[in-house]
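K.L.:
File name protein32.csv; file contents CSV, C-alpha atoms; full text below.
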chain,number,residue,atom,x,y,z
B,99,MET,CA,99.0,92.6,89.4
B,100,GLU,CA,96.3,95.2,89.5
B,101,ARG,CA,95.9,97.7,86.7
B,102,TYR,CA,94.1,101.1,86.7
B,103,TRP,CA,92.9,102.9,83.7
B,104,ILE,CA,92.8,106.7,84.2
B,105,ARG,CA,91.8,109.5,81.8
B,106,GLY,CA,93.1,112.8,82.9
B,107,GLY,CA,92.0,116.3,82.5
B,108,VAL,CA,88.6,115.9,84.3
B,109,PRO,CA,88.0,118.3,87.2
B,110,LEU,CA,86.9,116.8,90.5
B,111,GLU,CA,83.9,117.9,92.6
B,112,GLY,CA,82.5,116.5,95.8
B,113,ARG,CA,83.4,115.5,99.3
B,114,VAL,CA,85.3,112.6,100.8
B,115,THR,CA,85.6,111.4,104.5
B,116,ILE,CA,89.2,110.8,105.6
B,117,PRO,CA,89.7,107.3,107.0
B,118,ALA,CA,91.6,106.3,110.1
B,119,ALA,CA,95.3,106.6,109.8
B,120,LYS,CA,97.1,103.5,108.6
B,121,ASN,CA,100.2,104.6,110.4
B,122,SER,CA,98.2,104.8,113.6
B,123,VAL,CA,96.1,101.7,113.2
B,124,LEU,CA,99.0,99.3,112.7
B,125,PRO,CA,100.9,100.0,115.9
B,126,LEU,CA,97.5,100.2,117.8
B,127,MET,CA,96.7,96.6,116.6
B,128,ALA,CA,100.1,95.4,118.0
B,129,ALA,CA,99.7,97.4,121.2
B,130,ALA,CA,96.4,95.6,121.8
B,131,LEU,CA,98.5,92.5,122.7
B,132,LEU,CA,99.8,94.3,125.7
B,133,THR,CA,96.3,94.4,127.2
B,134,ARG,CA,94.1,91.8,129.0
B,135,GLY,CA,90.6,91.3,127.8
B,136,GLN,CA,89.3,93.0,124.6
B,137,THR,CA,90.2,96.0,122.5
B,138,VAL,CA,87.9,97.6,120.0
B,139,LEU,CA,89.4,99.9,117.4
B,140,GLU,CA,86.7,101.9,115.8
B,141,GLY,CA,86.4,102.8,112.1
B,142,VAL,CA,89.4,100.8,110.9
B,143,PRO,CA,89.8,101.0,107.1
B,144,GLN,CA,90.0,97.8,105.0
B,145,LEU,CA,93.6,98.0,104.0
B,146,ALA,CA,95.9,95.2,102.8
B,147,ASP,CA,98.3,96.0,105.7
B,148,VAL,CA,95.4,95.8,108.2
B,149,SER,CA,94.5,92.4,106.7
B,150,THR,CA,98.1,91.2,107.1
B,151,GLY,CA,98.1,92.5,110.7
B,152,CYS,CA,94.9,90.5,111.4
B,153,ARG,CA,96.5,87.4,110.1
B,154,LEU,CA,99.6,88.1,112.2
B,155,LEU,CA,97.5,88.6,115.4
B,156,THR,CA,95.7,85.3,114.7
B,157,ARG,CA,99.0,83.5,114.2
B,158,LEU,CA,100.2,84.8,117.5
B,159,GLY,CA,97.1,83.4,119.2
B,160,ALA,CA,94.8,86.5,119.5
B,161,GLY,CA,91.1,86.5,118.6
B,162,VAL,CA,90.3,88.8,115.8
B,163,GLU,CA,86.9,89.7,114.2
B,164,TRP,CA,85.1,92.5,112.5
B,165,GLU,CA,82.0,94.1,113.9
B,166,GLY,CA,80.9,96.3,111.0
B,167,ARG,CA,83.8,98.8,110.5
B,168,ASP,CA,85.2,98.1,114.1
B,169,LEU,CA,88.0,95.7,114.7
B,170,VAL,CA,87.8,93.6,117.8
B,171,ILE,CA,91.0,92.1,119.2
B,172,ARG,CA,91.0,89.6,122.1
B,173,GLU,CA,94.1,88.6,124.0
B,174,PRO,CA,95.6,85.2,123.2
B,175,ARG,CA,94.7,82.3,125.4
B,176,GLU,CA,97.8,80.5,124.1
B,177,TRP,CA,100.7,82.4,122.7
B,178,ASP,CA,102.9,81.6,119.7
B,179,PRO,CA,105.8,84.1,120.0
B,180,GLN,CA,107.1,83.4,116.5
B,181,ILE,CA,106.2,85.7,113.7
B,182,PRO,CA,106.4,83.8,110.4
B,183,PRO,CA,108.5,85.1,107.5
B,184,THR,CA,105.5,85.3,105.1
B,185,LEU,CA,103.8,87.8,107.3
B,186,ALA,CA,106.9,89.7,108.5
B,187,GLY,CA,108.0,90.2,104.9
B,188,ALA,CA,104.6,91.5,103.8
B,189,MET,CA,104.7,94.7,105.8
B,190,ARG,CA,107.1,97.0,107.7
B,191,GLY,CA,104.6,97.1,110.6
B,192,SER,CA,105.5,93.6,111.8
B,193,VAL,CA,108.3,95.2,113.8
B,194,PHE,CA,105.6,96.7,116.1
B,195,TYR,CA,105.0,93.2,117.5
B,196,LEU,CA,108.5,92.9,119.0
B,197,ALA,CA,107.7,94.8,122.2
B,198,PRO,CA,104.2,93.5,123.0
B,199,VAL,CA,105.0,89.8,122.4
B,200,LEU,CA,108.3,90.1,124.3
B,201,ALA,CA,106.7,91.9,127.2
B,202,ARG,CA,103.8,89.3,127.5
B,203,THR,CA,105.7,86.1,126.9
B,204,GLY,CA,109.4,86.9,127.6
B,205,ARG,CA,110.3,85.8,124.0
B,206,VAL,CA,109.8,86.8,120.4
B,207,THR,CA,111.2,85.7,117.1
B,208,LEU,CA,111.0,87.9,114.0
B,209,PRO,CA,112.6,87.8,110.5
B,210,MET,CA,113.6,91.2,109.1
B,211,PRO,CA,110.4,93.1,108.4
B,212,GLY,CA,109.3,94.0,104.8
B,213,GLY,CA,107.2,96.8,103.3
B,214,CYS,CA,107.9,99.2,100.5
B,215,ASN,CA,111.3,99.1,98.8
B,216,LEU,CA,112.4,102.6,99.9
B,217,GLY,CA,116.0,101.6,100.7
B,218,PRO,CA,117.7,100.4,103.9
B,219,ARG,CA,115.5,100.9,107.0
B,220,GLN,CA,117.4,99.9,110.1
B,221,ILE,CA,115.7,98.8,113.3
B,222,ASP,CA,118.8,99.2,115.4
B,223,ILE,CA,117.2,101.8,117.7
B,224,HIS,CA,114.3,99.4,118.4
B,225,LEU,CA,116.7,96.6,119.3
B,226,GLU,CA,119.2,98.7,121.2
B,227,GLY,CA,116.5,100.2,123.4
B,228,LEU,CA,114.9,96.8,124.1
B,229,CYS,CA,118.3,95.4,125.0
B,230,ARG,CA,118.9,98.3,127.3
B,231,MET,CA,115.6,97.4,129.0
B,232,GLY,CA,116.9,93.9,129.7
B,233,ALA,CA,116.3,91.9,126.6
B,234,ARG,CA,118.9,89.6,125.1
B,235,LEU,CA,119.3,89.4,121.3
B,236,HIS,CA,120.3,86.4,119.3
B,237,TRP,CA,120.6,86.1,115.5
B,238,HIS,CA,120.1,82.8,113.7
B,239,GLY,CA,119.3,81.9,110.1
B,240,GLY,CA,118.2,85.4,109.2
B,241,LYS,CA,115.9,85.7,112.2
B,242,MET,CA,116.2,87.6,115.5
B,243,THR,CA,115.1,86.3,118.8
B,244,LEU,CA,114.7,88.5,121.8
B,245,LEU,CA,114.6,87.0,125.3
B,246,ALA,CA,113.4,88.7,128.5
B,247,PRO,CA,112.3,85.9,130.8
B,248,GLU,CA,112.4,88.2,133.8
B,249,GLY,CA,110.5,91.0,132.1
B,250,LEU,CA,111.7,94.5,131.0
B,251,ARG,CA,112.9,97.3,133.2
B,252,GLY,CA,112.6,101.1,132.9
B,253,ILE,CA,115.6,103.0,131.5
B,254,GLU,CA,116.8,106.5,130.6
B,255,TYR,CA,117.5,106.5,126.9
B,256,THR,CA,118.2,109.0,124.1
B,257,LEU,CA,117.3,108.1,120.6
B,258,ARG,CA,120.1,108.9,118.1
B,259,LEU,CA,117.4,110.1,115.7
B,260,PRO,CA,113.6,110.7,116.2
B,261,SER,CA,112.5,107.4,114.6
B,262,VAL,CA,108.7,107.1,114.8
B,263,GLY,CA,108.8,103.3,114.8
B,264,ALA,CA,111.5,103.1,117.5
B,265,THR,CA,109.6,105.6,119.6
B,266,GLU,CA,106.4,103.5,119.4
B,267,THR,CA,108.3,100.3,120.1
B,268,LEU,CA,110.0,101.7,123.2
B,269,LEU,CA,106.8,103.4,124.4
B,270,MET,CA,104.9,100.1,124.3
B,271,ALA,CA,107.7,98.3,126.1
B,272,ALA,CA,108.0,101.0,128.8
B,273,ALA,CA,104.2,100.9,129.5
B,274,VAL,CA,104.6,97.5,131.2
B,275,ALA,CA,108.2,97.6,132.2
B,276,ARG,CA,109.3,97.7,135.9
B,277,GLY,CA,110.0,101.2,137.1
B,278,HIS,CA,110.4,104.6,135.4
B,279,THR,CA,111.4,105.2,131.8
B,280,LEU,CA,112.6,108.5,130.4
B,281,LEU,CA,112.9,108.7,126.6
B,282,ARG,CA,114.6,111.7,125.0
B,283,GLY,CA,114.9,112.7,121.4
B,284,VAL,CA,111.7,110.9,120.5
B,285,ALA,CA,109.5,111.4,117.5
B,286,CYS,CA,106.7,113.9,118.0
B,287,GLU,CA,104.3,112.7,115.2
B,288,PRO,CA,100.5,112.7,115.9
B,289,GLU,CA,100.5,108.9,115.7
B,290,ILE,CA,102.8,108.8,118.8
B,291,ARG,CA,100.2,110.9,120.7
B,292,ASP,CA,97.4,108.5,119.5
B,293,LEU,CA,99.3,105.4,120.7
B,294,ALA,CA,100.0,107.0,124.0
B,295,GLY,CA,96.4,108.0,124.4
B,296,TYR,CA,95.2,104.5,123.8
B,297,LEU,CA,97.7,103.0,126.2
B,298,ASN,CA,96.7,105.6,128.9
B,299,ARG,CA,93.0,104.7,128.3
B,300,CYS,CA,94.1,101.1,129.0
B,301,GLY,CA,95.7,102.0,132.3
B,302,ALA,CA,99.3,103.1,131.3
B,303,ARG,CA,101.0,106.1,132.9
B,304,ILE,CA,102.5,108.1,130.0
B,305,LYS,CA,103.4,111.8,130.0
B,306,GLY,CA,104.8,114.0,127.3
B,307,ALA,CA,103.8,112.1,124.1
B,308,GLY,CA,103.9,114.5,121.2
B,309,GLY,CA,107.0,116.3,122.6
B,310,PRO,CA,110.7,115.4,122.5
B,311,VAL,CA,110.7,113.9,126.0
B,312,ILE,CA,108.4,111.1,127.2
B,313,GLN,CA,108.1,109.8,130.7
B,314,VAL,CA,106.5,106.5,131.5
B,315,GLU,CA,105.8,104.9,134.8
B,316,GLY,CA,105.5,101.2,134.2
B,317,VAL,CA,102.4,99.3,135.3
B,318,SER,CA,102.0,95.6,136.0
B,319,SER,CA,99.1,95.1,133.5
B,320,LEU,CA,96.8,96.9,131.1
B,321,THR,CA,93.1,96.3,130.3
B,322,GLY,CA,91.7,96.5,126.8
B,323,SER,CA,89.5,99.5,125.8
B,324,ARG,CA,87.6,101.1,122.9
B,325,TRP,CA,89.6,103.6,120.8
B,326,ARG,CA,89.0,105.6,117.6
B,327,PRO,CA,92.3,106.1,115.7
B,328,ILE,CA,93.1,109.6,114.4
B,329,PRO,CA,92.3,110.5,110.8
B,330,ASP,CA,94.9,109.8,108.1
B,331,ARG,CA,96.9,113.0,107.3
B,332,ILE,CA,98.6,111.3,104.3
B,333,ALA,CA,95.3,110.2,102.8
B,334,ALA,CA,94.0,113.8,103.4
B,335,ALA,CA,97.1,115.1,101.5
B,336,THR,CA,96.4,112.6,98.7
B,337,PHE,CA,92.9,113.9,98.1
B,338,ALA,CA,93.9,117.5,98.5
B,339,GLY,CA,96.6,116.8,95.9
B,340,ALA,CA,94.0,115.3,93.6
B,341,ALA,CA,92.1,118.5,93.6
B,342,ALA,CA,95.3,120.4,92.7
B,343,CYS,CA,96.2,118.0,89.9
B,344,ALA,CA,92.8,117.6,88.3
B,345,GLY,CA,91.4,121.0,89.2
B,346,GLY,CA,88.0,121.4,90.8
B,347,ARG,CA,86.8,121.6,94.4
B,348,ILE,CA,87.0,118.8,97.0
B,349,THR,CA,85.8,119.0,100.6
B,350,LEU,CA,87.6,116.7,103.0
B,351,ASP,CA,85.5,115.7,106.0
B,352,ARG,CA,87.2,114.5,109.2
B,353,CYS,CA,90.4,116.1,107.9
B,354,PRO,CA,93.1,116.9,110.5
B,355,ALA,CA,94.0,120.4,109.1
B,356,ASP,CA,96.7,121.1,111.7
B,357,GLN,CA,98.4,117.8,111.0
B,358,THR,CA,98.1,118.2,107.2
B,359,ALA,CA,99.3,121.9,107.4
B,360,PRO,CA,102.6,121.5,105.5
B,361,PHE,CA,100.9,120.1,102.5
B,362,LEU,CA,98.0,122.6,102.6
B,363,ASP,CA,100.5,125.4,103.0
B,364,LEU,CA,102.2,124.2,99.8
B,365,LEU,CA,98.9,124.2,97.9
B,366,GLU,CA,98.1,127.7,99.1
B,367,GLY,CA,101.5,128.9,98.0
B,368,MET,CA,101.0,127.4,94.6
B,369,GLY,CA,97.7,129.3,94.1
B,370,CYS,CA,95.0,126.8,95.3
B,371,GLY,CA,92.2,128.0,97.6
B,372,VAL,CA,92.3,126.2,101.0
B,373,ASP,CA,89.4,126.7,103.5
B,374,ARG,CA,90.3,125.2,106.9
B,375,GLN,CA,87.7,124.4,109.4
B,376,PRO,CA,88.2,122.5,112.7
B,377,ASP,CA,87.3,119.1,111.2
B,378,GLN,CA,86.9,120.0,107.5
B,379,VAL,CA,89.1,121.3,104.7
B,380,THR,CA,87.9,122.4,101.2
B,381,VAL,CA,90.5,122.7,98.5
B,382,THR,CA,89.7,124.6,95.3
B,383,CYS,CA,92.0,124.8,92.3
B,384,ALA,CA,90.8,126.6,89.1
B,385,GLY,CA,93.8,128.1,87.4
B,386,PRO,CA,97.5,127.9,86.6
B,387,LEU,CA,99.7,127.0,89.6
B,388,VAL,CA,103.1,128.3,90.6
B,389,GLY,CA,105.9,126.0,91.7
B,390,GLY,CA,109.5,126.8,92.2
B,391,VAL,CA,109.8,125.6,95.7
B,392,ASP,CA,112.4,123.7,97.8
B,393,LEU,CA,111.0,120.9,99.9
B,394,VAL,CA,112.9,118.9,102.4
B,395,ALA,CA,111.5,116.0,104.4
B,396,ARG,CA,111.7,116.7,108.1
B,397,ALA,CA,110.4,115.2,111.4
B,398,TYR,CA,107.1,116.5,112.6
B,399,PRO,CA,105.9,119.2,112.4
B,400,GLY,CA,108.1,119.5,109.2
B,401,PHE,CA,107.2,118.2,105.8
B,402,PRO,CA,106.5,114.5,106.1
B,403,THR,CA,108.5,112.1,104.0
B,404,ASP,CA,105.3,110.2,102.9
B,405,MET,CA,103.9,113.4,101.4
B,406,LEU,CA,106.9,114.2,99.2
B,407,PRO,CA,105.9,112.0,96.2
B,408,LEU,CA,102.4,113.5,96.4
B,409,ALA,CA,103.9,117.0,96.5
B,410,ALA,CA,106.1,116.1,93.4
B,411,ALA,CA,103.0,115.2,91.4
B,412,VAL,CA,101.4,118.5,92.3
B,413,LEU,CA,104.5,120.5,91.5
B,414,LEU,CA,104.6,119.1,88.0
B,415,LYS,CA,101.7,121.4,87.4
B,416,GLY,CA,103.4,124.5,89.0
B,417,ARG,CA,105.5,126.7,86.7
B,418,GLY,CA,109.2,126.7,87.7
B,419,TYR,CA,111.9,124.4,88.9
B,420,SER,CA,111.3,122.6,92.3
B,421,ARG,CA,113.7,120.6,94.4
B,422,LEU,CA,112.5,117.8,96.7
B,423,THR,CA,114.9,116.2,99.2
B,424,ASP,CA,114.6,113.1,101.4
B,425,THR,CA,117.7,112.0,103.3
B,426,LEU,CA,115.9,109.2,105.2
B,427,PHE,CA,114.8,107.0,102.3
B,428,GLN,CA,117.1,106.7,99.3
B,429,ASN,CA,114.4,105.3,97.0
B,430,ARG,CA,111.7,107.7,98.0
B,431,PHE,CA,111.4,109.1,94.5
B,432,ALA,CA,111.2,105.8,92.5
B,433,CYS,CA,108.0,107.3,91.0
B,434,ALA,CA,110.2,109.7,89.0
B,435,ALA,CA,110.5,107.1,86.2
B,436,GLY,CA,106.7,107.1,85.8
B,437,PHE,CA,106.6,110.9,85.8
B,438,ARG,CA,109.2,110.9,83.0
B,439,ALA,CA,107.1,108.4,81.0
B,440,MET,CA,104.3,110.9,81.1
B,441,GLY,CA,106.6,113.6,79.6
B,442,ALA,CA,107.7,115.3,82.8
B,443,ARG,CA,111.2,116.7,83.1
B,444,VAL,CA,112.5,115.2,86.3
B,445,TRP,CA,116.2,114.6,87.2
B,446,ASN,CA,117.4,112.4,90.0
B,447,ARG,CA,120.0,114.0,92.3
B,448,PRO,CA,121.7,112.9,95.5
B,449,GLY,CA,119.0,112.6,98.2
B,450,GLY,CA,116.1,113.7,95.9
B,451,ILE,CA,114.9,115.1,92.6
B,452,LEU,CA,114.8,118.3,90.6
B,453,LEU,CA,111.7,118.8,88.4
B,454,GLN,CA,110.5,121.4,86.0
B,455,GLY,CA,106.8,122.1,86.4
B,456,GLY,CA,104.2,123.7,84.2
B,457,LEU,CA,104.8,121.4,81.2
B,458,PRO,CA,102.1,119.3,79.6
B,459,LEU,CA,101.8,115.7,80.7
B,460,TRP,CA,100.3,112.9,78.7
B,461,GLY,CA,99.0,109.4,79.5
B,462,ALA,CA,101.4,106.5,79.5
B,463,GLN,CA,102.0,103.0,80.8
B,464,VAL,CA,103.5,103.2,84.2
B,465,GLN,CA,104.1,101.0,87.3
B,466,ALA,CA,103.6,101.9,90.9
B,467,PRO,CA,107.0,101.4,92.6
B,468,ASP,CA,105.7,101.6,96.2
B,469,LEU,CA,102.7,102.8,98.2
B,470,ARG,CA,103.1,106.6,98.1
B,471,GLY,CA,104.9,106.6,94.8
B,472,GLY,CA,101.9,104.7,93.3
B,473,ALA,CA,99.5,107.3,94.7
B,474,ALA,CA,101.6,110.1,93.2
B,475,LEU,CA,101.4,108.5,89.8
B,476,VAL,CA,97.6,108.4,90.1
B,477,LEU,CA,97.7,112.1,90.9
B,478,ALA,CA,99.9,112.8,87.9
B,479,ALA,CA,97.6,110.8,85.7
B,480,LEU,CA,94.7,112.9,86.8
B,481,ALA,CA,96.6,116.0,85.4
B,482,ALA,CA,97.7,114.3,82.2
B,483,GLY,CA,96.1,114.4,78.8
B,484,GLY,CA,94.9,111.1,77.4
B,485,GLN,CA,94.9,107.7,79.1
B,486,THR,CA,97.2,106.2,81.6
B,487,LEU,CA,97.5,102.5,82.4
B,488,LEU,CA,99.0,102.1,85.9
B,489,ALA,CA,100.2,98.6,86.9
B,490,ASP,CA,100.3,98.0,90.7
B,491,ARG,CA,101.5,95.0,92.6
B,492,GLY,CA,99.3,95.7,95.5
B,493,HIS,CA,101.2,98.7,96.9
B,494,ILE,CA,98.3,101.3,96.7
B,495,ALA,CA,95.8,99.0,98.5
B,496,ARG,CA,98.3,98.8,101.5
B,497,GLY,CA,97.5,102.4,102.4
B,498,TYR,CA,94.1,103.3,100.8
B,499,PRO,CA,90.9,101.3,101.2
B,500,ASP,CA,89.7,102.0,97.6
B,501,LEU,CA,91.5,104.9,96.1
B,502,PRO,CA,90.1,104.4,92.5
B,503,GLY,CA,86.6,104.1,93.9
B,504,SER,CA,86.9,107.2,96.0
B,505,LEU,CA,88.2,109.3,93.1
B,506,GLU,CA,85.5,108.0,90.8
B,507,LEU,CA,82.9,109.3,93.2
B,508,LEU,CA,84.5,112.7,92.9
B,509,GLY,CA,84.1,112.5,89.1
B,510,ALA,CA,87.5,111.1,88.1
B,511,ARG,CA,87.6,108.9,85.0
B,512,ILE,CA,89.3,105.9,86.6
B,513,ARG,CA,88.5,102.3,86.9
B,514,ARG,CA,90.2,99.1,88.1
B,515,LEU,CA,90.8,96.6,85.2
B,516,GLU,CA,90.7,92.9,85.6
B,517,GLN,CA,93.8,91.4,87.3
B,518,ASN,CA,96.3,89.4,85.2
The structure given in the file should be rewritten as C-alpha cells.
P.N.:
Amino acid sequence: MERYWIRGGVPLEGRVTIPAAKNSVLPLMAAALLTRGQTVLEGVPQLADVSTGCRLLTRLGAGVEWEGRDLVIREPREWDPQIPPTLAGAMRGSVFYLAPVLARTGRVTLPMPGGCNLGPRQIDIHLEGLCRMGARLHWHGGKMTLLAPEGLRGIEYTLRLPSVGATETLLMAAAVARGHTLLRGVACEPEIRDLAGYLNRCGARIKGAGGPVIQVEGVSSLTGSRWRPIPDRIAAATFAGAAACAGGRITLDRCPADQTAPFLDLLEGMGCGVDRQPDQVTVTCAGPLVGGVDLVARAYPGFPTDMLPLAAAVLLKGRGYSRLTDTLFQNRFACAAGFRAMGARVWNRPGGILLQGGLPLWGAQVQAPDLRGGAALVLAALAAGGQTLLADRGHIARGYPDLPGSLELLGARIRRLEQN
C-alpha cells in the first residue's frame, strides 16, 4: 500500500513532457510476438503494467531487456503458450496476447484477465472474432484455451460495438491470417492507428486504421522493427487538469493536442486559457471556473471514458451542477466516495454522477479505487485546502511513471510516504 501526502492550494508552474501512451505500449508489446527477429519500442515509460508485460513476455519465451528508455523484445526461441493466472490477473492488457500467441503457435491458454475494478468487461468480441477466423475455444477450470493448429483465415466481420481491445486483437490476428480480412464497426482511437502503423512497418498490409472500416491482406510473416509509440493523451489530460485544479500555468511538451481536444475544449469552456501548438499545449488557469456541463463518454473522437474521472475533479471547481455519464463501465466513478470525503457534493445516479461545483474542498483521508479514479483524487487534493492522505494499492503506478514526482517538479506540495 502506497500513501501520498498532498497539501492543496499551491499553484503549479513549469513544463512536463508527456510520456508514451500506456494504452498504445501494451498492445505493441504483445504485437511484437507476431514478428521474427527483434523489435525496439522507443521511449517506453516505466509503468507497473509495462513491468507486468515484460514478465509475461519472458514467461512466454521472449527475450526482453532495456536499453536506456528503449524496450527491446526478441522473438521466443521456445514458446510456452500458457499465460499464468498471476500475470493475467494483474492487468487487463493480458488479453492482447491471445492473437499473437495463437497465430505463432496454434494454441494459447489464458485465465480471465484482470485490471481495474470498473465492472464487467467482456471479451466476447475478441473470442467470437478469433473463432470466426478458425480458432476453436475450450473452457476448463476458469481458463480458456484457443486452438488453431492450421492457422487463422481472413474473414468479413462486423463488431457489435467499437471495442478498442477487440479491434486490436482482430487486427493483430488478421495481419498474419491467410487471405483478406474486412473489419467493420471498429474502434477509431489513435492507439489503433499506432498499432497498425507498427505492424505495417513490420511488413503487414493494413488499410483504413483510424476509420470505421479496416482492410487487411494477410502476410505469411512479419519482421521486427523500431517504433516510437504515440504520446499519452490521458496523461496529457491529467496534467492539464492539474493546472485547472491547482491554478497556475503548465506547458505540456510532446502533447497530442488533437487527440486531447475533448478535454482541452472542456477546460476552455470553463474559463482556462489553452494555447495549442502542433506538439505543445500550455494551460493557464488563474480565476474562478464555470461548470454546469453534461459529459457523456463516447467512442473516439468523443469524450474518452478514461478522462471522465479527471473531468469530474476539475468540474468540482466550476460553479454549477454537472452531469457525467459512462454507460460502458458501471464502476467508472468509484472515486466519488473520495470526493465526498473532501466535502464535495456528489450524487451517484444510473450510469454516472451528478456534482455541484464551486464549493470549497478540504483535505481528507481517501483511497484510490482504480487507476484514473486515483489520479482524479490527486487532482481534487491539489484544489483542496489543507492536507490529503491518499492510500493507493498500486493503481496509479500502472498508468503514470511517477505522478507525484512530476507534480512536485511543477511546484506541488506532494510526496510519497513510506509504504506500510
K.L.:
Compile the contact shell of segment 406-422 of chain B as a CSV table (one decimal) with C-alpha atoms, in the frame of the given file: residues with an atom at most 7 Å away, counting only C-alpha atoms, same-chain residues fewer than 2 positions apart removed.
P.N.:
chain,number,residue,atom,x,y,z
B,336,THR,CA,96.4,112.6,98.7
B,339,GLY,CA,96.6,116.8,95.9
B,342,ALA,CA,95.3,120.4,92.7
B,343,CYS,CA,96.2,118.0,89.9
B,368,MET,CA,101.0,127.4,94.6
B,387,LEU,CA,99.7,127.0,89.6
B,388,VAL,CA,103.1,128.3,90.6
B,389,GLY,CA,105.9,126.0,91.7
B,390,GLY,CA,109.5,126.8,92.2
B,391,VAL,CA,109.8,125.6,95.7
B,392,ASP,CA,112.4,123.7,97.8
B,393,LEU,CA,111.0,120.9,99.9
B,394,VAL,CA,112.9,118.9,102.4
B,402,PRO,CA,106.5,114.5,106.1
B,403,THR,CA,108.5,112.1,104.0
B,404,ASP,CA,105.3,110.2,102.9
B,424,ASP,CA,114.6,113.1,101.4
B,431,PHE,CA,111.4,109.1,94.5
B,450,GLY,CA,116.1,113.7,95.9
B,451,ILE,CA,114.9,115.1,92.6
B,452,LEU,CA,114.8,118.3,90.6
B,453,LEU,CA,111.7,118.8,88.4
B,454,GLN,CA,110.5,121.4,86.0
B,455,GLY,CA,106.8,122.1,86.4
B,456,GLY,CA,104.2,123.7,84.2
B,457,LEU,CA,104.8,121.4,81.2
B,470,ARG,CA,103.1,106.6,98.1
B,471,GLY,CA,104.9,106.6,94.8
B,474,ALA,CA,101.6,110.1,93.2
B,477,LEU,CA,97.7,112.1,90.9
B,478,ALA,CA,99.9,112.8,87.9
K.L.:
I'd like to know which of B:Tyr398, B:Trp177, B:Trp103, B:Phe437 is closest to Glu289 of chain B, using all atoms listed in the file.
P.N.:
B:Tyr398
K.L.:
Give me, as JSON lines, the closest atom pair and its distance (Å, one decimal) for every residue of segment 307-391 of chain B within a cut-off of 12 Å of segment 483-506 of chain B, counting all atoms listed in the file, rows sorted by chain and rising number.
P.N.:
{"residue": "B:Asp330", "atom": "CA", "partner": "B:Gly497", "partner_atom": "CA", "distance": 9.7}
{"residue": "B:Arg331", "atom": "CA", "partner": "B:Gly497", "partner_atom": "CA", "distance": 11.7}
{"residue": "B:Ile332", "atom": "CA", "partner": "B:Gly497", "partner_atom": "CA", "distance": 9.2}
{"residue": "B:Ala333", "atom": "CA", "partner": "B:Tyr498", "partner_atom": "CA", "distance": 7.3}
{"residue": "B:Ala334", "atom": "CA", "partner": "B:Tyr498", "partner_atom": "CA", "distance": 10.8}
{"residue": "B:Thr336", "atom": "CA", "partner": "B:Leu501", "partner_atom": "CA", "distance": 9.5}
{"residue": "B:Phe337", "atom": "CA", "partner": "B:Leu505", "partner_atom": "CA", "distance": 8.3}
{"residue": "B:Ala338", "atom": "CA", "partner": "B:Leu505", "partner_atom": "CA", "distance": 11.4}
{"residue": "B:Gly339", "atom": "CA", "partner": "B:Leu505", "partner_atom": "CA", "distance": 11.6}
{"residue": "B:Ala340", "atom": "CA", "partner": "B:Leu505", "partner_atom": "CA", "distance": 8.4}
{"residue": "B:Ala341", "atom": "CA", "partner": "B:Leu505", "partner_atom": "CA", "distance": 10.0}
{"residue": "B:Cys343", "atom": "CA", "partner": "B:Gly483", "partner_atom": "CA", "distance": 11.7}
{"residue": "B:Ala344", "atom": "CA", "partner": "B:Gly483", "partner_atom": "CA", "distance": 10.6}
{"residue": "B:Ile348", "atom": "CA", "partner": "B:Leu505", "partner_atom": "CA", "distance": 10.3}
{"residue": "B:Leu350", "atom": "CA", "partner": "B:Ser504", "partner_atom": "CA", "distance": 11.8}
K.L.:
Mind writing the picked residues with C-alpha atoms as a short mmCIF file (atom, residue, chain, number, x, y, z; two decimals), in the coordinates of the input?
P.N.:
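After the write, selection.cif holds the following:
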data_model
loop_
_atom_site.label_atom_id
_atom_site.label_comp_id
_atom_site.auth_asym_id
_atom_site.auth_seq_id
_atom_site.Cartn_x
_atom_site.Cartn_y
_atom_site.Cartn_z
CA ASP B 330 94.90 109.80 108.10
CA ARG B 331 96.90 113.00 107.30
CA ILE B 332 98.60 111.30 104.30
CA ALA B 333 95.30 110.20 102.80
CA ALA B 334 94.00 113.80 103.40
CA THR B 336 96.40 112.60 98.70
CA PHE B 337 92.90 113.90 98.10
CA ALA B 338 93.90 117.50 98.50
CA GLY B 339 96.60 116.80 95.90
CA ALA B 340 94.00 115.30 93.60
CA ALA B 341 92.10 118.50 93.60
CA CYS B 343 96.20 118.00 89.90
CA ALA B 344 92.80 117.60 88.30
CA ILE B 348 87.00 118.80 97.00
CA LEU B 350 87.60 116.70 103.00
#
K.L.:
Show me a table, sorted first by chain and then by increasing residue number, of the residues of segment 123-149 of chain B having an atom at most 10 Å from segment 163-166 of chain B, each with its shortest atom pair and the distance in Å to one decimal, counting only C-alpha atoms and written as a tab-separated table.
P.N.:
residue	atom	partner	partner_atom	distance
B:Val138	CA	B:Glu165	CA	9.2
B:Leu139	CA	B:Trp164	CA	9.9
B:Glu140	CA	B:Glu165	CA	9.3
B:Gly141	CA	B:Gly166	CA	8.6
B:Val142	CA	B:Trp164	CA	9.5
K.L.:
Quick one: residues within 12 Å of Gly316 of chain B, all atoms listed in the file counted, chain neighbours fewer than 6 positions away excluded, as a ChimeraX atom specification?
P.N.:
/B:201,231,249-253,268-280,297-298,301-305
K.L.:
Could you list, as a PyMOL selection string, every residue within 10 Å of Gln136 of chain B, counting all atoms listed in the file and ignoring same-chain residues fewer than 6 positions away?
P.N.:
chain B and resi 130+160-162+170-173+321-324
